[in-house]
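Below you'll find the structure, written out as structure tokens, and then a few comments.
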Amino acid sequence: MQTANLLPLVLVLAVVAYGLAYMRSRAVAAPLGGIRNLKALPFYYAARAALWCAIPALIVLAVWAGFEGKVIQGIVIASLPQDTWPESAGQASLILSQISNVAAGSLDPEFVPEHIAGAASLLEAMQDKSGNFKAILVVLIAVLGATFAWTRVAPHINARKNVETTLRRIFFVCAALAVLTTAGIVFSVFLETVRFFDRVPITEFLFGTSWSPQTALRVDQVGSEGAFGVIPLFTGTLLISAIALLVAVPVGLMSAIYLSEYASKRMRSTIKPVLEMLAGIPTVVYGFFAALTVAPFIRDLAAIVGLEASSQSALAAGLVMGIMIVPFVSSLSDDVISAVPQTMRDASLALGATQSETMKKVIIPAALPGIIGSILLAASRAIGETMIVVMAAGLAANLTANPLESVTTVTVQIATLLVGDQEFDSAKTLSAFALGLLLFIVTLLLNVLALKIVRKYREQYD
Amino acid sequence: MTDQRSQAEIVRNSLKHRYRKERRFRLYGILAIFIALASLFTLFADIISKGYTGFVKTTITLDVTLDSEMMYLDDPTDEDQRSMADFVAPIIAALQEQVPEANSAGEKRELGRFLGTFAASEVRDLLIKNPDLLNTTQTIEFPAHDRVSVYVKHADNPRYSIQLSEQQQRWVDELLEKGVIDTSFNDVLFSRGDSREPANAGVLGAIVGSLLTMLVTLAISFPMGIAAAVYLEEFAPQNKLTDFIEVNINNLAAVPSIIFGLLGLAVFINLFGMPRSVPVVGGLVLSLMTLPTIIISSRAAIKSVPPSVREAAEGVGASKMQVVLHHVVPLAMPGMLTGSIIGMAQALGETAPLLLIGMVAFIVDVPDGFFSSATVLPVQVYLWASSSEQGFVELASAAIMVLLTFMISMNALAIWLRKRLERRW
């Protein structure tokens, strides 16, 4: 049976267990003179039965469903005749997809070698067997759990405590999932990166100045060595992010200052949400805007001035990205500016300073750490942004500082290297994970630094 | 004395200059706000001006005589005959009737270029469904080819290049006048999946894919996010582990979304062997991404419930879990819902991680389950925007409008919920 059908089945069983245990607890209580003689309300006995029924069964189901595919694949590969064993992971996945195509009926068994056809029927049989066994096991565990809870419906047992402890543990697991996600990111990306550095030395990756991840399909191919130097990608990312910050910092900061110090309450409450809309628009929309409107506009404008701009110029992507991150700068800056104590403003104004002088000489210096924190957060957003650059920036890794030329970024390369089918043992695919790790580390450092600065600043005025 | 007067003098003299500076500073602020608002306005105006034509389709309506000789077809139920039959010939004959001047074989071929690629299969499907229609005359509406559509809709727009000869343009004008070629509301957009041809492409497949993906995301991230927030706010002991979990959640909220795509690819697809391009994997990845947002906003909502509520419940003998589940969580629910809806709106617009787990495949069929290949609205926008056919640009903008409509309504719902249900203590 499919996992998708087993899941509702287990839930139905849990509901049945709930109902049965509820009735049983009332039946147990009746001769004693009502439910007030039980240690817990019938609801808790019933809830405990439902938990006992569902949780072990769901855990088994999740583990089984998670690993059955891999285990069956391993058994099928091992069943092949010795001389046809795959030599590499790529070959293995090729053979496996052939086998599963035959098994699914989309490939005629007559067109493939005999051992593949044999493996296909084995695969089918294994999948059937695994599905049946999984269904039986899961249902059995669910019924056993419910039965156990059923026998434990007794007046002297405090079911409420059991249920509350279990719920508390479930809550903890949910909170700990965040740690698991981080660990998942680090390990999955890290392991592939280590495999990548087996092929390409880490120094070449970090300090190489040329990036062209095409690897040879044949050994004797000419000019297909592949170069994995990350410097041009990094300068491209920095160029686009710098342009974005050049737009976002003045616009965001000045809007924050105006809204927090000059604007009337009504103006503030209407304009602030509108500004924040800029951050809520999907990035693919910005990408569309950058690629189809801003980039051609910049190219035409440059042509009028007599310059030559690429149709995928860094300037277009940077400008649009700058607009997108305006709210990241303005919202946080607004908060920190408002958090500067009113006494400092009053003191400065009382000395005869104008509002703008107060702002420039008193408030901004006082709020500077928070403002820097907001700029760092915006920078980390810009570095990690993908869709705008995928659609509006180029693919060619040019080492240039000219904003009218086309550059590529780390995120663009990750996306292009991993879209579509890929072999998991080629340096080309693995390099995307190395780039991902680099991106993760850089953005993480920026975030940690920004949060630290902001927190320190807050303590100062609290 | 003279010293003091000169001091005052200096101040007075500098005032004009300082006030000018003050006004300039204020102007910069207004300018900054203006730039931001103008960009937002330009963005919307650009998308609407590019996309409103996406909601219009160009059709050719003809009285087609389904002549069996012309099609080399006596029995529409016979598959062998069907595969040899020429379903285009009667359509071209009907078109030629409307443009009598196109006589030669070459001119007829030119006329045939007006039709979308699927015109023949439309006639075939009609005959399969209803074989009795053979040798009768039927009024059939065909989608016009992209080049006709571009000419009809965008003849004056310099961004589009017209790919019709002058003669063909004259014919199209003639047919427009006769009402054979006409424009109407593009119902195809909302009733079909993707297609290689703009006239047959729709967003229904992407909408259903988005819906399925969002359902998975909601089912995972909403209960888990609330459970995590409840644990951290109400039960977590003050220790290193709790601190570590909190730092992790805050950092995850700022991790670039594409990294979650890498995680999904490496763990769900590579390690667990889950299929590519399916809503389940997309939903799993997006829920990991949305979880921190939901946890952070839910914690804020729980924090705002006053301690007096907890103390009152404890005072009448409720256990800690009862206090939380019977009083704190229901009272914090509006805030939690608002945060979750905003998180879901973000997930709805997310594209990058879904590219990596293969939800960019070209999928014609509307997905029919959590395990069938699908794409989502933002990815559909990306696919159409990077397509080379001109007709897809307006479809991409139209899809953006559909996407933004969904997102704006979700955000409006969140704001309404907050206004309606949130209690201030």
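Quick note on naming: the chains in the structure tokens go A, B, ... in the order shown, residues restart at 1 in each chain, and ligands are numbered from 1 in order of appearance.
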Please provide the set of residues having any atom within 9 Å of Leu43 (chain B), restricted to only C-alpha atoms, with same-chain residues fewer than 4 positions apart removed, written as an MDAnalysis selection string.
(chainID A and resid 285:286 289) or (chainID B and resid 38:39 47:48)
Restricting the output to N, CA and C atoms, write the selected residues as a PDB file, in the first residue's frame.
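The result, written out as again-v1.pdb:
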ATOM      1  N   VAL A 285       8.945  38.450  -9.727  1.00  0.00           N
ATOM      2  CA  VAL A 285       8.333  39.621 -10.351  1.00  0.00           C
ATOM      3  C   VAL A 285       9.391  40.698 -10.591  1.00  0.00           C
ATOM      4  N   TYR A 286      10.250  40.901  -9.584  1.00  0.00           N
ATOM      5  CA  TYR A 286      11.362  41.840  -9.781  1.00  0.00           C
ATOM      6  C   TYR A 286      12.268  41.374 -10.913  1.00  0.00           C
ATOM      7  N   PHE A 289      10.714  42.245 -14.141  1.00  0.00           N
ATOM      8  CA  PHE A 289      10.816  43.693 -14.340  1.00  0.00           C
ATOM      9  C   PHE A 289      12.235  44.070 -14.768  1.00  0.00           C
TER      10      PHE A 289
ATOM     11  N   ALA B  38       7.546  55.683  -6.361  1.00  0.00           N
ATOM     12  CA  ALA B  38       7.506  55.728  -7.822  1.00  0.00           C
ATOM     13  C   ALA B  38       7.961  54.386  -8.401  1.00  0.00           C
ATOM     14  N   SER B  39       8.963  53.758  -7.769  1.00  0.00           N
ATOM     15  CA  SER B  39       9.413  52.459  -8.276  1.00  0.00           C
ATOM     16  C   SER B  39       8.295  51.443  -8.170  1.00  0.00           C
ATOM     17  N   ILE B  47       3.832  46.038 -15.314  1.00  0.00           N
ATOM     18  CA  ILE B  47       3.295  44.681 -15.412  1.00  0.00           C
ATOM     19  C   ILE B  47       1.878  44.694 -15.962  1.00  0.00           C
ATOM     20  N   ILE B  48       1.087  45.672 -15.520  1.00  0.00           N
ATOM     21  CA  ILE B  48      -0.289  45.727 -16.033  1.00  0.00           C
ATOM     22  C   ILE B  48      -0.288  46.075 -17.517  1.00  0.00           C
TER      23      ILE B  48
END
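The list of residues with at least one atom within 12 Å of Ala32 (chain B), based on only C-alpha atoms and without residues fewer than 4 positions apart in the same chain, reads Val247, Ala248, Val249, Pro250, Val251, Gly252, Leu253, Met254, Ser255, Ala256, Ile257, Tyr258, Leu259, Leu275, Ile323, Val326, Pro327 and Ser330 of chain A; Phe25, Arg26, Leu27, Tyr28, Ala36, Leu37, Ala38 and Ser39 of chain B.
With only C-alpha atoms taken into account, the protein and nucleic acid residues at most 12 Å from region 351-354 of chain A (excluding it and anything under 2 positions from it in its own chain) are Met344, Arg345, Asp346, Ala347, Ser348, Leu349, Ser356, Glu357, Thr358, Met359, Lys360, Lys361 and Val362 of chain A; Val11, Arg12, Ser14, Leu15, Lys16, His17, Arg18, Tyr19, Arg20, Lys21, Glu22, Arg23, Phe25 and Arg26 of chain B.
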Got time to write the residues from that selection, N, CA and C atoms, as a compact mmCIF listing (two decimals), in the first residue's frame?
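Once everything was written out, this is selection34.txt:
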# COMPACT_ATOMS: atom_id res chain seq x y z
N MET A 344 17.22 63.04 24.35
CA MET A 344 18.36 63.48 23.55
C MET A 344 17.92 64.46 22.48
N ARG A 345 16.76 64.19 21.88
CA ARG A 345 16.21 65.11 20.88
C ARG A 345 15.92 66.47 21.53
N ASP A 346 15.21 66.42 22.67
CA ASP A 346 14.82 67.66 23.33
C ASP A 346 16.04 68.48 23.70
N ALA A 347 17.07 67.82 24.22
CA ALA A 347 18.28 68.53 24.63
C ALA A 347 18.90 69.26 23.45
N SER A 348 18.99 68.56 22.34
CA SER A 348 19.62 69.16 21.17
C SER A 348 18.80 70.33 20.65
N LEU A 349 17.47 70.15 20.59
CA LEU A 349 16.61 71.22 20.10
C LEU A 349 16.67 72.42 21.03
N SER A 356 17.24 69.12 11.40
CA SER A 356 18.17 68.32 10.60
C SER A 356 19.52 68.24 11.31
N GLU A 357 19.90 69.32 12.02
CA GLU A 357 21.16 69.26 12.76
C GLU A 357 21.07 68.25 13.90
N THR A 358 19.92 68.25 14.58
CA THR A 358 19.71 67.25 15.62
C THR A 358 19.87 65.84 15.06
N MET A 359 19.25 65.66 13.91
CA MET A 359 19.28 64.36 13.24
C MET A 359 20.71 63.94 12.94
N LYS A 360 21.44 64.87 12.27
CA LYS A 360 22.76 64.49 11.77
C LYS A 360 23.78 64.40 12.89
N LYS A 361 23.67 65.28 13.87
CA LYS A 361 24.73 65.34 14.88
C LYS A 361 24.42 64.50 16.10
N VAL A 362 23.13 64.23 16.38
CA VAL A 362 22.78 63.54 17.63
C VAL A 362 22.14 62.17 17.38
N VAL B 11 25.24 84.02 14.76
CA VAL B 11 24.13 83.07 14.72
C VAL B 11 23.08 83.53 13.74
N ARG B 12 22.72 84.84 13.84
CA ARG B 12 21.66 85.35 12.98
C ARG B 12 22.06 85.24 11.52
N SER B 14 24.05 83.16 10.23
CA SER B 14 24.13 81.78 9.74
C SER B 14 22.75 81.15 9.60
N LEU B 15 21.73 81.81 10.22
CA LEU B 15 20.41 81.18 10.24
C LEU B 15 19.89 80.85 8.85
N LYS B 16 20.02 81.84 7.94
CA LYS B 16 19.48 81.66 6.60
C LYS B 16 20.08 80.40 5.97
N HIS B 17 21.38 80.30 6.13
CA HIS B 17 22.10 79.17 5.59
C HIS B 17 21.63 77.86 6.23
N ARG B 18 21.45 77.90 7.58
CA ARG B 18 21.06 76.68 8.28
C ARG B 18 19.64 76.28 7.94
N TYR B 19 18.77 77.28 7.78
CA TYR B 19 17.39 76.93 7.41
C TYR B 19 17.35 76.34 6.02
N ARG B 20 18.22 76.85 5.14
CA ARG B 20 18.26 76.30 3.79
C ARG B 20 18.68 74.83 3.86
N LYS B 21 19.66 74.58 4.71
CA LYS B 21 20.11 73.21 4.88
C LYS B 21 18.99 72.32 5.39
N GLU B 22 18.25 72.86 6.34
CA GLU B 22 17.13 72.13 6.93
C GLU B 22 16.11 71.75 5.85
N ARG B 23 15.80 72.78 4.99
CA ARG B 23 14.82 72.50 3.93
C ARG B 23 15.35 71.46 2.96
N PHE B 25 17.44 69.07 3.59
CA PHE B 25 17.42 67.77 4.25
C PHE B 25 16.03 67.15 4.17
N ARG B 26 15.04 68.01 4.44
CA ARG B 26 13.65 67.57 4.38
C ARG B 26 13.31 67.12 2.97
Do you know which residues are at most 8 Å from Leu252 (chain B) counting only C-alpha atoms, after dropping those on the same chain fewer than 5 positions away, and could you put them as a PyMOL selection string?
(chain A and resi 178+182) or (chain B and resi 289+292)
Please provide the set of residues having any atom within 6 Å of region 304-319 of chain A, restricted to only C-alpha atoms, with same-chain residues fewer than 4 positions apart removed, written as a JSON list (two decimals) with N, CA and C atoms, in the first residue's frame.
[["chain", "number", "residue", "atom", "x", "y", "z"],
["A", 240, "ILE", "N", 27.04, 43.55, -7.94],
["A", 240, "ILE", "CA", 25.58, 43.73, -7.97],
["A", 240, "ILE", "C", 25.06, 44.16, -6.59],
["A", 243, "ILE", "N", 25.84, 47.83, -5.97],
["A", 243, "ILE", "CA", 24.91, 48.72, -6.68],
["A", 243, "ILE", "C", 23.58, 48.77, -5.92],
["A", 244, "ALA", "N", 23.14, 47.58, -5.48],
["A", 244, "ALA", "CA", 21.86, 47.51, -4.76],
["A", 244, "ALA", "C", 21.92, 48.35, -3.49],
["A", 290, "ALA", "N", 13.23, 43.50, -14.08],
["A", 290, "ALA", "CA", 14.63, 43.83, -14.39],
["A", 290, "ALA", "C", 15.00, 43.35, -15.78],
["A", 294, "VAL", "N", 13.85, 47.07, -17.25],
["A", 294, "VAL", "CA", 14.97, 47.93, -16.84],
["A", 294, "VAL", "C", 16.21, 47.69, -17.71],
["A", 295, "ALA", "N", 16.53, 46.42, -17.97],
["A", 295, "ALA", "CA", 17.74, 46.13, -18.73],
["A", 295, "ALA", "C", 17.69, 46.72, -20.15],
["A", 299, "ARG", "N", 20.14, 49.72, -21.61],
["A", 299, "ARG", "CA", 20.91, 49.53, -22.83],
["A", 299, "ARG", "C", 20.64, 50.67, -23.81],
["A", 389, "VAL", "N", 18.79, 37.92, -10.16],
["A", 389, "VAL", "CA", 20.02, 37.76, -10.92],
["A", 389, "VAL", "C", 19.92, 36.61, -11.92],
["A", 392, "ALA", "N", 18.02, 38.43, -14.72],
["A", 392, "ALA", "CA", 18.52, 39.67, -15.31],
["A", 392, "ALA", "C", 20.04, 39.72, -15.46],
["A", 393, "ALA", "N", 20.79, 38.93, -14.69],
["A", 393, "ALA", "CA", 22.25, 38.95, -14.85],
["A", 393, "ALA", "C", 22.66, 37.80, -15.76],
["A", 394, "GLY", "N", 23.90, 37.83, -16.18],
["A", 394, "GLY", "CA", 24.32, 36.88, -17.19],
["A", 394, "GLY", "C", 24.83, 35.57, -16.61],
["A", 403, "PRO", "N", 29.78, 48.31, -14.36],
["A", 403, "PRO", "CA", 28.38, 47.92, -14.13],
["A", 403, "PRO", "C", 27.58, 47.76, -15.41],
["A", 404, "LEU", "N", 28.13, 48.21, -16.54],
["A", 404, "LEU", "CA", 27.37, 48.06, -17.78],
["A", 404, "LEU", "C", 27.63, 46.71, -18.43],
["A", 405, "GLU", "N", 28.64, 46.00, -17.93],
["A", 405, "GLU", "CA", 28.91, 44.70, -18.49],
["A", 405, "GLU", "C", 28.08, 43.64, -17.78],
["A", 406, "SER", "N", 28.09, 42.45, -18.37],
["A", 406, "SER", "CA", 27.34, 41.36, -17.76],
["A", 406, "SER", "C", 28.25, 40.59, -16.81]]
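One distance worth recording is that between CA of Ser210 (chain B) and CA of Leu348 (chain B), which is 7.0 Å.
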If you measure from CA of Ala85 (chain B) to CA of Ser121 (chain B), what distance in Å do you get, rounded to one decimal?
11.1 Å
Which is closer to chain B than all the others in A:Thr408, A:Thr165, A:Thr237, A:Thr203, using only C-alpha atoms?
A:Thr165
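Ranking B:Gly339, B:Pro90, B:Gly349, B:Pro223 by their shortest atom-to-atom distance to chain A, with only C-alpha atoms included, puts B:Gly349 first.
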Between A:Leu94, A:Leu80, A:Val284, A:Ile55, which has the minimum distance to chain B (counting only C-alpha atoms)?
A:Val284
Step one, run DSSP on the backbone; step two, keep only residues of region 209-326 of chain B assigned to helix (DSSP H, G or I); then write them as JSON, numbers by chain.
{"B": [209, 210, 211, 212, 213, 214, 215, 216, 217, 218, 219, 220, 221, 222, 223, 224, 225, 226, 227, 228, 229, 230, 231, 232, 233, 234, 235, 240, 241, 242, 243, 244, 245, 246, 247, 248, 249, 250, 251, 252, 257, 258, 259, 260, 261, 262, 263, 264, 265, 266, 267, 268, 269, 270, 271, 279, 280, 281, 282, 283, 284, 285, 286, 287, 288, 289, 290, 291, 292, 293, 294, 295, 296, 297, 298, 299, 300, 301, 302, 303, 307, 308, 309, 310, 311, 312, 313, 314, 315, 320, 321, 322, 323, 324, 325, 326]}
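Picture a line from CA of Asp63 (chain B) to CA of Thr139 (chain B); it runs 4.3 Å.
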Nearest residue to chain B out of A:Val390, A:Ala29, A:Ala154, A:Val76, using only C-alpha atoms?
A:Val390
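In terms of minimum interatomic distance to chain A, B:Ser387 ranks closest within B:Ser387, B:Ser161, B:Thr213, B:Ser83, counting only C-alpha atoms.
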Neighbours of Pro367 (chain B) within 10 Å (only C-alpha atoms; same-chain residues fewer than 5 positions away dropped), as a ChimeraX atom specification?
/B:193,204-209,212,278-279,372-375
Rank A:Leu368, A:Val10, A:Leu418, A:Cys53 by their smallest atom-to-atom distance to chain B, using only C-alpha atoms, and report the top residue only.
A:Leu418
Which residues come within 12 Å of Thr53 (chain B), counting only C-alpha atoms, excluding same-chain residues fewer than 3 positions away, as a PDB file with N, CA and C atoms, in the first residue's frame?
ATOM      1  N   ILE B  47       3.832  46.038 -15.314  1.00  0.00           N
ATOM      2  CA  ILE B  47       3.295  44.681 -15.412  1.00  0.00           C
ATOM      3  C   ILE B  47       1.878  44.694 -15.962  1.00  0.00           C
ATOM      4  N   ILE B  48       1.087  45.672 -15.520  1.00  0.00           N
ATOM      5  CA  ILE B  48      -0.289  45.727 -16.033  1.00  0.00           C
ATOM      6  C   ILE B  48      -0.288  46.075 -17.517  1.00  0.00           C
ATOM      7  N   SER B  49       0.560  47.047 -17.911  1.00  0.00           N
ATOM      8  CA  SER B  49       0.557  47.444 -19.319  1.00  0.00           C
ATOM      9  C   SER B  49       1.063  46.301 -20.194  1.00  0.00           C
ATOM     10  N   LYS B  50       1.967  45.493 -19.687  1.00  0.00           N
ATOM     11  CA  LYS B  50       2.455  44.365 -20.495  1.00  0.00           C
ATOM     12  C   LYS B  50       1.463  43.229 -20.487  1.00  0.00           C
ATOM     13  N   VAL B  56      -6.666  38.533 -23.095  1.00  0.00           N
ATOM     14  CA  VAL B  56      -7.443  38.567 -24.329  1.00  0.00           C
ATOM     15  C   VAL B  56      -6.876  37.512 -25.266  1.00  0.00           C
ATOM     16  N   LYS B  57      -7.763  36.752 -25.921  1.00  0.00           N
ATOM     17  CA  LYS B  57      -7.264  35.778 -26.896  1.00  0.00           C
ATOM     18  C   LYS B  57      -7.781  36.133 -28.274  1.00  0.00           C
ATOM     19  N   THR B  58      -7.028  35.733 -29.279  1.00  0.00           N
ATOM     20  CA  THR B  58      -7.428  35.978 -30.654  1.00  0.00           C
ATOM     21  C   THR B  58      -7.921  34.666 -31.243  1.00  0.00           C
ATOM     22  N   SER B 149      -1.921  36.759 -33.540  1.00  0.00           N
ATOM     23  CA  SER B 149      -2.313  37.348 -32.275  1.00  0.00           C
ATOM     24  C   SER B 149      -1.480  38.590 -31.972  1.00  0.00           C
ATOM     25  N   VAL B 150      -0.159  38.474 -32.180  1.00  0.00           N
ATOM     26  CA  VAL B 150       0.724  39.615 -31.936  1.00  0.00           C
ATOM     27  C   VAL B 150       0.353  40.772 -32.860  1.00  0.00           C
ATOM     28  N   VAL B 152      -2.594  41.395 -34.253  1.00  0.00           N
ATOM     29  CA  VAL B 152      -3.894  41.964 -33.895  1.00  0.00           C
ATOM     30  C   VAL B 152      -3.785  42.821 -32.638  1.00  0.00           C
ATOM     31  N   LYS B 153      -3.038  42.313 -31.648  1.00  0.00           N
ATOM     32  CA  LYS B 153      -3.019  43.000 -30.356  1.00  0.00           C
ATOM     33  C   LYS B 153      -1.959  44.093 -30.274  1.00  0.00           C
ATOM     34  N   HIS B 154      -0.837  43.895 -30.965  1.00  0.00           N
ATOM     35  CA  HIS B 154       0.304  44.785 -30.719  1.00  0.00           C
ATOM     36  C   HIS B 154       0.840  45.434 -31.986  1.00  0.00           C
ATOM     37  N   THR B 183     -11.363  39.037 -31.056  1.00  0.00           N
ATOM     38  CA  THR B 183     -10.731  38.881 -29.746  1.00  0.00           C
ATOM     39  C   THR B 183     -11.806  38.744 -28.700  1.00  0.00           C
ATOM     40  N   SER B 184     -11.500  37.920 -27.681  1.00  0.00           N
ATOM     41  CA  SER B 184     -12.466  37.743 -26.591  1.00  0.00           C
ATOM     42  C   SER B 184     -11.681  37.432 -25.317  1.00  0.00           C
ATOM     43  N   PHE B 185     -12.426  37.266 -24.217  1.00  0.00           N
ATOM     44  CA  PHE B 185     -11.761  36.987 -22.949  1.00  0.00           C
ATOM     45  C   PHE B 185     -11.021  35.651 -23.018  1.00  0.00           C
ATOM     46  N   ASN B 186      -9.796  35.631 -22.518  1.00  0.00           N
ATOM     47  CA  ASN B 186      -8.947  34.450 -22.650  1.00  0.00           C
ATOM     48  C   ASN B 186      -9.296  33.408 -21.591  1.00  0.00           C
ATOM     49  N   LEU B 189      -6.609  30.716 -20.520  1.00  0.00           N
ATOM     50  CA  LEU B 189      -5.638  31.016 -19.475  1.00  0.00           C
ATOM     51  C   LEU B 189      -6.012  30.344 -18.162  1.00  0.00           C
ATOM     52  N   GLY B 391       4.564  35.765 -27.561  1.00  0.00           N
ATOM     53  CA  GLY B 391       3.268  35.696 -26.890  1.00  0.00           C
ATOM     54  C   GLY B 391       3.370  35.350 -25.425  1.00  0.00           C
ATOM     55  N   PHE B 392       4.519  34.768 -24.994  1.00  0.00           N
ATOM     56  CA  PHE B 392       4.621  34.339 -23.607  1.00  0.00           C
ATOM     57  C   PHE B 392       4.871  35.501 -22.648  1.00  0.00           C
ATOM     58  N   VAL B 393       5.399  36.629 -23.183  1.00  0.00           N
ATOM     59  CA  VAL B 393       5.692  37.760 -22.299  1.00  0.00           C
ATOM     60  C   VAL B 393       4.403  38.266 -21.648  1.00  0.00           C
ATOM     61  N   GLU B 394       3.355  38.431 -22.488  1.00  0.00           N
ATOM     62  CA  GLU B 394       2.102  38.936 -21.921  1.00  0.00           C
ATOM     63  C   GLU B 394       1.478  37.896 -21.003  1.00  0.00           C
ATOM     64  N   LEU B 395       1.690  36.603 -21.316  1.00  0.00           N
ATOM     65  CA  LEU B 395       1.160  35.566 -20.431  1.00  0.00           C
ATOM     66  C   LEU B 395       1.883  35.599 -19.085  1.00  0.00           C
ATOM     67  N   ALA B 396       3.221  35.825 -19.138  1.00  0.00           N
ATOM     68  CA  ALA B 396       3.979  35.907 -17.887  1.00  0.00           C
ATOM     69  C   ALA B 396       3.456  37.052 -17.031  1.00  0.00           C
ATOM     70  N   SER B 397       3.196  38.219 -17.660  1.00  0.00           N
ATOM     71  CA  SER B 397       2.666  39.344 -16.874  1.00  0.00           C
ATOM     72  C   SER B 397       1.280  39.026 -16.343  1.00  0.00           C
ATOM     73  N   ALA B 398       0.487  38.348 -17.159  1.00  0.00           N
ATOM     74  CA  ALA B 398      -0.853  37.993 -16.691  1.00  0.00           C
ATOM     75  C   ALA B 398      -0.750  37.047 -15.496  1.00  0.00           C
ATOM     76  N   ALA B 399       0.203  36.087 -15.581  1.00  0.00           N
ATOM     77  CA  ALA B 399       0.388  35.157 -14.463  1.00  0.00           C
ATOM     78  C   ALA B 399       0.860  35.904 -13.223  1.00  0.00           C
ATOM     79  N   MET B 401       0.042  38.916 -12.480  1.00  0.00           N
ATOM     80  CA  MET B 401      -1.144  39.578 -11.916  1.00  0.00           C
ATOM     81  C   MET B 401      -1.964  38.583 -11.098  1.00  0.00           C
TER      82      MET B 401
END
